[in-house]
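Quick look at target_30.pdb (PDB, C-alpha atoms):
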```pdb
ATOM      1  CA  MET A  10      53.014 146.172 111.489
ATOM      2  CA  ARG A  11      50.390 144.778 113.824
ATOM      3  CA  ALA A  12      51.051 141.298 115.116
ATOM      4  CA  THR A  13      48.863 138.976 117.175
ATOM      5  CA  VAL A  14      50.869 137.089 119.780
ATOM      6  CA  LEU A  15      49.250 134.064 121.439
ATOM      7  CA  LEU A  16      50.888 133.527 124.839
ATOM      8  CA  PRO A  17      50.320 130.922 127.579
ATOM      9  CA  GLY A  18      48.298 133.444 129.601
ATOM     10  CA  GLY A  19      46.230 134.920 126.751
ATOM     11  CA  SER A  20      46.742 136.810 123.534
ATOM     12  CA  VAL A  21      47.867 140.362 122.738
ATOM     13  CA  VAL A  22      47.960 142.506 119.636
ATOM     14  CA  VAL A  23      51.138 144.571 119.425
ATOM     15  CA  GLU A  24      52.669 147.079 117.068
ATOM     16  CA  ALA A  25      55.841 145.307 115.958
ATOM     17  CA  ILE A  26      58.888 146.915 114.366
ATOM     18  CA  GLY A  27      58.932 144.176 111.774
ATOM     19  CA  ALA A  28      59.205 140.503 110.957
ATOM     20  CA  GLU A  29      61.915 138.572 109.147
ATOM     21  CA  GLY A  30      60.695 135.063 108.487
ATOM     22  CA  GLU A  31      59.549 133.734 111.880
ATOM     23  CA  ASP A  32      61.538 136.385 113.758
ATOM     24  CA  LEU A  33      59.385 139.073 115.326
ATOM     25  CA  TRP A  34      61.183 142.284 116.297
ATOM     26  CA  LEU A  35      59.656 144.372 119.081
ATOM     27  CA  ASP A  36      60.499 147.642 120.778
ATOM     28  CA  PRO A  37      60.614 147.677 124.609
ATOM     29  CA  PRO A  38      56.934 148.719 125.160
ATOM     30  CA  ALA A  39      55.640 145.960 122.834
ATOM     31  CA  LEU A  40      58.025 143.457 124.440
ATOM     32  CA  ALA A  41      56.682 144.332 127.902
ATOM     33  CA  ARG A  42      53.187 143.425 126.723
ATOM     34  CA  CYS A  43      54.411 139.993 125.567
ATOM     35  CA  GLY A  44      55.007 138.307 128.895
ATOM     36  CA  GLY A  45      56.379 141.267 130.861
ATOM     37  CA  TRP A  46      59.944 141.278 129.512
ATOM     38  CA  GLU A  47      62.160 144.280 130.218
ATOM     39  CA  ILE A  48      65.653 145.168 129.047
ATOM     40  CA  LYS A  49      67.900 145.827 132.055
ATOM     41  CA  PRO A  50      71.661 146.144 132.482
ATOM     42  CA  GLU A  51      71.789 142.507 133.715
ATOM     43  CA  GLY A  52      69.949 141.199 130.666
ATOM     44  CA  LEU A  53      66.347 140.456 129.775
ATOM     45  CA  CYS A  54      64.156 140.293 132.845
ATOM     46  CA  ARG A  55      60.689 139.016 133.611
ATOM     47  CA  GLY A  56      59.786 139.840 137.204
ATOM     48  CA  ALA A  57      62.606 138.548 139.420
ATOM     49  CA  LEU A  58      63.986 136.336 136.663
ATOM     50  CA  CYS A  59      66.807 137.740 134.527
ATOM     51  CA  VAL A  60      68.589 135.994 131.705
ATOM     52  CA  PRO A  61      71.868 137.304 130.350
ATOM     53  CA  VAL A  62      71.649 138.154 126.686
ATOM     54  CA  PRO A  63      73.669 135.529 124.839
ATOM     55  CA  PRO A  64      76.196 136.897 122.383
ATOM     56  CA  GLY A  65      74.242 136.881 119.145
ATOM     57  CA  GLN A  66      75.718 135.719 115.908
ATOM     58  CA  ALA A  67      74.785 137.612 112.801
ATOM     59  CA  GLY A  68      71.146 137.050 111.971
ATOM     60  CA  GLN A  69      70.393 135.220 115.230
ATOM     61  CA  ALA A  70      70.632 138.127 117.648
ATOM     62  CA  LEU A  71      68.172 138.299 120.496
ATOM     63  CA  VAL A  72      68.738 141.994 121.064
ATOM     64  CA  ASP A  73      69.731 144.506 118.437
ATOM     65  CA  ALA A  74      71.043 147.619 120.137
ATOM     66  CA  GLY A  75      72.299 149.184 116.927
ATOM     67  CA  GLY A  76      69.420 151.623 116.460
ATOM     68  CA  ALA A  77      68.290 154.606 118.504
ATOM     69  CA  GLU A  78      66.225 152.238 120.611
ATOM     70  CA  PRO A  79      67.092 148.603 121.273
ATOM     71  CA  ARG A  80      64.876 145.991 119.686
ATOM     72  CA  VAL A  81      64.307 142.398 120.728
ATOM     73  CA  ASN A  82      63.616 139.309 118.679
ATOM     74  CA  LEU A  83      60.682 137.771 120.565
ATOM     75  CA  THR A  84      60.867 134.479 118.651
ATOM     76  CA  ALA A  85      64.549 133.997 119.472
ATOM     77  CA  LEU A  86      63.956 135.025 123.096
ATOM     78  CA  ALA A  87      61.117 132.501 123.533
ATOM     79  CA  ARG A  88      63.191 129.699 121.974
ATOM     80  CA  HIS A  89      66.142 130.682 124.179
ATOM     81  CA  MET A  90      63.792 130.131 127.171
ATOM     82  CA  GLY A  91      62.802 126.694 125.835
ATOM     83  CA  GLN A  92      59.361 127.888 124.773
ATOM     84  CA  PRO A  93      57.975 126.544 121.490
ATOM     85  CA  VAL A  94      57.120 129.050 118.760
ATOM     86  CA  ALA A  95      54.816 128.482 115.790
ATOM     87  CA  ALA A  96      54.267 131.406 113.434
ATOM     88  CA  SER A  97      52.310 132.428 110.392
ATOM     89  CA  PRO A  98      54.172 135.636 109.406
ATOM     90  CA  GLU A  99      51.915 135.880 106.351
ATOM     91  CA  HIS A 100      48.905 136.351 108.650
ATOM     92  CA  ALA A 101      50.913 138.183 111.355
ATOM     93  CA  VAL A 102      50.175 135.594 114.060
ATOM     94  CA  TRP A 103      52.770 134.182 116.472
ATOM     95  CA  SER A 104      51.966 131.383 118.921
ATOM     96  CA  ILE A 105      54.321 131.004 121.890
ATOM     97  CA  GLY A 106      53.640 128.019 124.116
ATOM     98  CA  GLU A 107      54.726 126.884 127.532
ATOM     99  CA  ALA A 108      58.154 125.229 127.758
ATOM    100  CA  ALA A 109      57.854 121.436 127.899
ATOM    101  CA  LYS A 110      59.998 121.412 131.032
ATOM    102  CA  ASP A 111      57.685 123.832 132.871
ATOM    103  CA  ALA A 112      54.627 121.767 131.933
ATOM    104  CA  ALA A 113      56.394 118.556 132.989
ATOM    105  CA  ASP A 114      57.536 120.062 136.313
ATOM    106  CA  ARG A 115      53.979 121.125 137.040
ATOM    107  CA  LEU A 116      52.694 117.579 136.483
ATOM    108  CA  LEU A 117      55.578 116.085 138.502
ATOM    109  CA  SER A 118      54.310 118.050 141.521
ATOM    110  CA  LEU A 119      51.237 115.734 141.277
ATOM    111  CA  GLU A 120      49.116 118.826 141.852
ATOM    112  CA  ALA A 121      46.123 118.404 139.512
ATOM    113  CA  PRO A 122      46.194 121.356 137.066
ATOM    114  CA  ASP A 123      43.174 123.554 137.705
ATOM    115  CA  PHE A 124      40.800 124.486 134.911
ATOM    116  CA  ALA A 125      37.631 126.525 134.440
ATOM    117  CA  LEU A 126      35.200 125.301 131.783
ATOM    118  CA  PRO A 127      31.502 125.700 131.023
ATOM    119  CA  ASP A 128      28.850 123.018 130.675
ATOM    120  CA  MET A 129      26.605 123.014 127.586
ATOM    121  CA  ASP A 130      24.384 125.721 129.078
ATOM    122  CA  GLY A 131      27.392 127.950 129.654
ATOM    123  CA  LYS A 132      27.433 127.432 133.433
ATOM    124  CA  PRO A 133      31.061 127.739 134.613
ATOM    125  CA  TYR A 134      32.826 125.122 136.755
ATOM    126  CA  SER A 135      36.356 124.915 138.087
ATOM    127  CA  LEU A 136      38.215 121.896 139.399
ATOM    128  CA  SER A 137      39.382 123.802 142.494
ATOM    129  CA  SER A 138      35.774 124.334 143.637
ATOM    130  CA  PHE A 139      35.568 120.557 144.252
ATOM    131  CA  ARG A 140      38.407 120.644 146.812
ATOM    132  CA  GLY A 141      37.421 118.433 149.761
ATOM    133  CA  ARG A 142      35.871 115.798 147.488
ATOM    134  CA  LYS A 143      37.421 113.091 145.389
ATOM    135  CA  VAL A 144      37.125 113.801 141.682
ATOM    136  CA  PHE A 145      36.970 111.208 138.932
ATOM    137  CA  LEU A 146      37.915 113.242 135.859
ATOM    138  CA  LEU A 147      36.958 111.678 132.551
ATOM    139  CA  ALA A 148      37.810 113.179 129.154
ATOM    140  CA  TRP A 149      35.899 112.059 126.046
ATOM    141  CA  ALA A 150      34.942 113.384 122.617
ATOM    142  CA  SER A 151      31.966 112.957 120.305
ATOM    143  CA  TRP A 152      34.186 112.265 117.261
TER     144      TRP A 152
ATOM    145  CA  MET B  12      33.163 111.520 144.933
ATOM    146  CA  THR B  13      32.286 113.836 142.083
ATOM    147  CA  VAL B  14      32.441 112.681 138.490
ATOM    148  CA  ILE B  15      33.438 115.456 136.067
ATOM    149  CA  THR B  16      33.350 114.694 132.368
ATOM    150  CA  ILE B  17      35.077 116.884 129.796
ATOM    151  CA  ALA B  18      34.325 116.777 126.081
ATOM    152  CA  PHE B  19      37.208 117.706 123.742
ATOM    153  CA  ASP B  20      34.946 119.080 121.029
ATOM    154  CA  SER B  21      36.130 122.095 119.031
ATOM    155  CA  ALA B  22      32.567 122.809 117.870
ATOM    156  CA  GLY B  23      31.352 122.854 121.490
ATOM    157  CA  PRO B  24      27.669 122.118 122.242
ATOM    158  CA  ALA B  25      26.977 121.765 118.487
ATOM    159  CA  THR B  26      28.624 118.325 118.439
ATOM    160  CA  ALA B  27      28.971 117.313 122.097
ATOM    161  CA  GLY B  28      25.518 118.584 123.098
ATOM    162  CA  GLU B  29      23.552 115.783 121.467
ATOM    163  CA  TRP B  30      25.481 113.155 123.477
ATOM    164  CA  ILE B  31      25.249 115.086 126.720
ATOM    165  CA  ARG B  32      21.475 115.612 126.287
ATOM    166  CA  ALA B  33      20.991 111.899 125.542
ATOM    167  CA  ALA B  34      22.885 110.921 128.700
ATOM    168  CA  SER B  35      21.243 113.706 130.801
ATOM    169  CA  PRO B  36      24.001 113.409 133.416
ATOM    170  CA  THR B  37      23.645 114.621 136.994
ATOM    171  CA  HIS B  38      27.397 115.336 137.248
ATOM    172  CA  PRO B  39      29.172 118.398 135.781
ATOM    173  CA  SER B  40      29.520 117.643 132.094
ATOM    174  CA  LEU B  41      31.902 120.231 130.673
ATOM    175  CA  ILE B  42      33.000 121.183 127.188
ATOM    176  CA  ASP B  43      36.622 122.042 126.396
ATOM    177  CA  THR B  44      36.548 123.573 122.917
ATOM    178  CA  HIS B  45      40.242 124.502 123.029
ATOM    179  CA  HIS B  46      41.470 121.190 124.515
ATOM    180  CA  GLU B  47      42.987 123.117 127.452
ATOM    181  CA  VAL B  48      42.677 120.130 129.763
ATOM    182  CA  ALA B  49      44.287 117.861 127.155
ATOM    183  CA  ARG B  50      47.283 120.211 127.113
ATOM    184  CA  ALA B  51      47.494 120.715 130.882
ATOM    185  CA  TYR B  52      47.308 116.963 131.651
ATOM    186  CA  ASN B  53      49.112 115.914 128.456
ATOM    187  CA  MET B  54      46.215 113.676 127.437
ATOM    188  CA  VAL B  55      46.727 112.163 124.003
ATOM    189  CA  ASN B  56      43.630 110.034 123.631
ATOM    190  CA  VAL B  57      40.029 109.649 124.739
ATOM    191  CA  PRO B  58      38.511 108.341 126.894
ATOM    192  CA  THR B  59      41.136 109.184 129.518
ATOM    193  CA  ALA B  60      40.555 109.286 133.270
ATOM    194  CA  VAL B  61      42.468 110.813 136.198
ATOM    195  CA  TRP B  62      41.814 110.225 139.889
ATOM    196  CA  ILE B  63      42.153 113.356 142.043
ATOM    197  CA  ASP B  64      41.977 113.270 145.848
ATOM    198  CA  GLU B  65      40.341 115.693 148.312
ATOM    199  CA  GLU B  66      43.506 117.878 148.369
ATOM    200  CA  GLY B  67      43.516 118.295 144.603
ATOM    201  CA  ARG B  68      46.402 115.878 144.083
ATOM    202  CA  ILE B  69      46.671 113.364 141.263
ATOM    203  CA  VAL B  70      46.563 109.915 142.866
ATOM    204  CA  ARG B  71      46.159 107.925 139.653
ATOM    205  CA  PRO B  72      47.407 109.623 136.467
ATOM    206  CA  ASN B  73      46.014 109.473 132.906
ATOM    207  CA  GLU B  74      44.741 106.060 131.882
ATOM    208  CA  VAL B  75      42.297 104.685 129.351
ATOM    209  CA  ALA B  76      38.795 104.410 130.823
ATOM    210  CA  PHE B  77      35.848 103.069 128.861
ATOM    211  CA  ALA B  78      32.520 102.593 130.622
ATOM    212  CA  ASP B  79      32.266  98.955 129.506
ATOM    213  CA  ASN B  80      34.246  96.206 127.770
ATOM    214  CA  ARG B  81      33.353  96.838 124.132
ATOM    215  CA  TRP B  82      36.982  97.706 123.253
ATOM    216  CA  ILE B  83      38.676  95.102 125.457
ATOM    217  CA  GLU B  84      40.373  93.364 122.505
ATOM    218  CA  TYR B  85      42.112  96.620 121.774
ATOM    219  CA  THR B  86      42.740  97.992 125.276
ATOM    220  CA  LYS B  87      43.375  94.677 127.139
ATOM    221  CA  PHE B  88      41.828  96.457 130.073
ATOM    222  CA  ASP B  89      38.873  94.908 131.952
ATOM    223  CA  MET B  90      36.519  97.781 132.751
ATOM    224  CA  THR B  91      34.392  95.814 135.251
ATOM    225  CA  ARG B  92      37.512  95.498 137.393
ATOM    226  CA  TYR B  93      38.201  99.188 136.815
ATOM    227  CA  LEU B  94      34.759 100.238 138.060
ATOM    228  CA  ALA B  95      35.273  98.035 141.131
ATOM    229  CA  ALA B  96      38.643  99.749 141.681
ATOM    230  CA  ILE B  97      36.967 103.188 141.605
ATOM    231  CA  ARG B  98      34.400 102.027 144.183
ATOM    232  CA  ASP B  99      37.201 100.700 146.374
ATOM    233  CA  TRP B 100      39.004 104.055 146.189
ATOM    234  CA  VAL B 101      35.801 105.938 147.080
ATOM    235  CA  GLU B 102      35.391 103.712 150.129
ATOM    236  CA  HIS B 103      38.996 103.413 151.340
ATOM    237  CA  GLY B 104      40.687 106.549 149.968
ATOM    238  CA  PRO B 105      44.505 106.463 150.145
ATOM    239  CA  ARG B 106      44.386 103.016 151.822
ATOM    240  CA  SER B 107      42.832 101.510 148.679
ATOM    241  CA  GLY B 108      45.139  99.035 146.966
ATOM    242  CA  HIS B 109      44.109 100.677 143.691
ATOM    243  CA  VAL B 110      45.853 103.939 144.584
ATOM    244  CA  PRO B 111      49.476 103.524 143.472
ATOM    245  CA  PRO B 112      52.266 104.738 145.807
ATOM    246  CA  PRO B 113      53.720 108.190 144.940
ATOM    247  CA  ALA B 114      56.776 106.848 143.092
ATOM    248  CA  GLU B 115      54.511 104.736 140.886
ATOM    249  CA  ARG B 116      52.234 107.750 140.233
ATOM    250  CA  LEU B 117      55.256 109.720 139.001
ATOM    251  CA  ARG B 118      56.306 106.827 136.791
ATOM    252  CA  ARG B 119      52.835 106.616 135.250
ATOM    253  CA  LEU B 120      52.612 110.353 134.466
ATOM    254  CA  SER B 121      52.446 111.253 130.814
ATOM    255  CA  LEU B 122      54.995 114.086 130.466
ATOM    256  CA  PRO B 123      55.156 116.446 127.506
ATOM    257  CA  SER B 124      58.260 116.421 125.298
ATOM    258  CA  ALA B 125      59.586 119.430 123.342
ATOM    259  CA  ALA B 126      57.754 118.077 120.266
ATOM    260  CA  HIS B 127      54.495 117.882 122.264
ATOM    261  CA  ALA B 128      54.947 121.489 123.422
ATOM    262  CA  LEU B 129      55.567 122.627 119.840
ATOM    263  CA  ALA B 130      52.542 120.604 118.677
ATOM    264  CA  ALA B 131      50.366 122.401 121.254
ATOM    265  CA  ALA B 132      51.659 125.861 120.176
ATOM    266  CA  THR B 133      51.102 124.929 116.513
ATOM    267  CA  PHE B 134      47.588 123.651 117.228
ATOM    268  CA  ARG B 135      46.767 126.900 119.002
ATOM    269  CA  LEU B 136      47.994 128.890 115.999
ATOM    270  CA  ALA B 137      45.786 126.768 113.721
ATOM    271  CA  GLU B 138      42.764 127.270 115.994
ATOM    272  CA  HIS B 139      43.332 131.016 116.018
ATOM    273  CA  LEU B 140      43.552 131.204 112.217
ATOM    274  CA  HIS B 141      40.447 129.022 111.901
ATOM    275  CA  GLU B 142      38.427 131.089 114.356
ATOM    276  CA  SER B 143      39.492 134.424 112.905
ATOM    277  CA  GLY B 144      38.066 133.560 109.502
ATOM    278  CA  ARG B 145      41.136 132.071 107.774
ATOM    279  CA  PRO B 146      40.346 128.342 107.775
ATOM    280  CA  GLU B 147      42.417 127.613 104.648
ATOM    281  CA  ALA B 148      45.503 129.147 106.298
ATOM    282  CA  ALA B 149      44.849 126.978 109.375
ATOM    283  CA  VAL B 150      44.969 123.623 107.566
ATOM    284  CA  PRO B 151      48.768 123.252 107.220
ATOM    285  CA  PHE B 152      49.219 124.081 110.908
ATOM    286  CA  PHE B 153      46.604 121.514 112.006
ATOM    287  CA  LYS B 154      48.511 118.965 109.884
ATOM    288  CA  ARG B 155      51.852 120.064 111.311
ATOM    289  CA  ALA B 156      50.556 119.676 114.902
ATOM    290  CA  GLN B 157      49.431 116.149 114.052
ATOM    291  CA  GLU B 158      52.845 115.293 112.566
ATOM    292  CA  LEU B 159      54.614 116.605 115.657
ATOM    293  CA  GLN B 160      52.525 114.413 117.975
ATOM    294  CA  PRO B 161      51.243 111.552 115.813
ATOM    295  CA  GLU B 162      50.164 109.498 118.843
ATOM    296  CA  SER B 163      47.733 112.220 119.905
ATOM    297  CA  TRP B 164      44.121 111.873 118.866
ATOM    298  CA  CYS B 165      43.395 115.243 120.390
ATOM    299  CA  PHE B 166      44.941 117.195 117.474
TER     300      PHE B 166
END
```
Take the structure in the file and write it out as structure tokens.
Amino acid sequence: MRATVLLPGGSVVVEAIGAEGEDLWLDPPALARCGGWEIKPEGLCRGALCVPVPPGQAGQALVDAGGAEPRVNLTALARHMGQPVAASPEHAVWSIGEAAKDAADRLLSLEAPDFALPDMDGKPYSLSSFRGRKVFLLAWASW
Amino acid sequence: MTVITIAFDSAGPATAGEWIRAASPTHPSLIDTHHEVARAYNMVNVPTAVWIDEEGRIVRPNEVAFADNRWIEYTKFDMTRYLAAIRDWVEHGPRSGHVPPPAERLRRLSLPSAAHALAAATFRLAEHLHESGRPEAAVPFFKRAQELQPESWCF
């Protein structure tokens, strides 16, 4: 089945092995496309970060190595990493957000999060291009 | 100092444009259809302002900021004094008495909780369903995001 996965850095469409409720099972190539995860002897790794695979209880396993090729439950993996998951299995869409702790740590650095947005004519602006000037940032809405 | 305004309007120029045209601002007046800035700064209401210094550091975190006193009964916040505070900061920079010390800045930060993070992921799912032609499927997720972060007006 094809599944759309919305990730903090963008969205990908992957060929998934299957879904059971909110659980989304992926083979290693599809998993790699969802945030760069790889299965290694030391556990599940993303770049230099490796997390040991917790012993899964029946039905809650992160990794199922029973088949010819191991498969990974992306939903369980994201939740294990503290990332929120919202899913509409019916429409084959999974939304994986940033962990609250990561977002909080970023703000606690007092570094203003950068952004790139257009004005109403589509002209792009980014906060970082105003480095060297004070910025008074004001958010509003027409509603 | 540069003023940057950001409109949290999902419909983009269709709804925000009329207001921006009427104001014909000389500062960058940006539109954030996906509320990215609301998520990144954990803004839960509008109007919200943040003061950022020359090094790109937050020197005064999220706070309510109306242009005048029409909502003072509700906000208990005198905007004439606020505008004077901004002018003082522009003139005196970090030496301004209106720039809180770092410990106070940290205390004033609005930090996301696990429920806020789940609300943001749920809102994004709803937006995706809405934009990919399944608006009826999006409705329960928009409602769920609101329930998860009831204090947020941005969902």
At a cut-off of 9 Å from (47.3, 112.3, 137.3) in the coordinates of the file, what residues are picked up using all atoms listed in the file, written as an mmCIF file with C-alpha atoms, keeping the file's coordinate frame?
```cif
data_model
loop_
_atom_site.group_PDB
_atom_site.id
_atom_site.type_symbol
_atom_site.label_atom_id
_atom_site.label_comp_id
_atom_site.auth_asym_id
_atom_site.auth_seq_id
_atom_site.Cartn_x
_atom_site.Cartn_y
_atom_site.Cartn_z
ATOM 1 C CA LEU A 116 52.694 117.579 136.483
ATOM 2 C CA LEU A 119 51.237 115.734 141.277
ATOM 3 C CA GLU A 120 49.116 118.826 141.852
ATOM 4 C CA ALA A 121 46.123 118.404 139.512
ATOM 5 C CA TYR B 52 47.308 116.963 131.651
ATOM 6 C CA ALA B 60 40.555 109.286 133.270
ATOM 7 C CA VAL B 61 42.468 110.813 136.198
ATOM 8 C CA TRP B 62 41.814 110.225 139.889
ATOM 9 C CA ILE B 63 42.153 113.356 142.043
ATOM 10 C CA ARG B 68 46.402 115.878 144.083
ATOM 11 C CA ILE B 69 46.671 113.364 141.263
ATOM 12 C CA VAL B 70 46.563 109.915 142.866
ATOM 13 C CA ARG B 71 46.159 107.925 139.653
ATOM 14 C CA PRO B 72 47.407 109.623 136.467
ATOM 15 C CA ASN B 73 46.014 109.473 132.906
ATOM 16 C CA GLU B 74 44.741 106.060 131.882
ATOM 17 C CA ARG B 116 52.234 107.750 140.233
ATOM 18 C CA LEU B 117 55.256 109.720 139.001
ATOM 19 C CA ARG B 119 52.835 106.616 135.250
ATOM 20 C CA LEU B 120 52.612 110.353 134.466
ATOM 21 C CA SER B 121 52.446 111.253 130.814
#
```
Between CA of Arg80 (chain A) and CA of Pro37 (chain A), distance in Å (one decimal) |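 Value for the CA of Arg80 (chain A)-CA of Pro37 (chain A) distance: 6.7 Å.
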For the structure provided, state which residues fall under the PyMOL selection byres ((chain B and resi 45) around 10), and present them as an MDAnalysis selection string.
-> chainID B and resid 19:23 42:44 46:50 134:135 138
Quick one: which residues end up in the ChimeraX specification (/B :<8) & /A for this structure, as a PyMOL selection string?
-> chain A and resi 15+92-97+102-110+112-113+116-117+119-122+124+126-129+134+137+139-152
Step by step, work through what the PyMOL selection byres ((chain A and resi 74) around 12) selects in the shown file, and finish by giving those residues as number ranges by chain.
-> A: 34-37, 48, 62, 65, 70-73, 75-82
What is the CA of Glu47 (chain A) to CA of Val60 (chain A) distance in Å?
->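 Separating CA of Glu47 (chain A) from CA of Val60 (chain A) is a distance of 10.6 Å.
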Pick from A:Gly52, A:Pro61, A:Gly131, A:Gly30, whichever lies nearest to Pro98 (chain A) using all atoms listed in the file =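 Closest candidate: A:Gly30.
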Would you work out the distance separating CA of Ala96 (chain B) from CA of Val110 (chain B), expressed in Å to one decimal?
->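 Distance reported for this atom pair: 8.8 Å.
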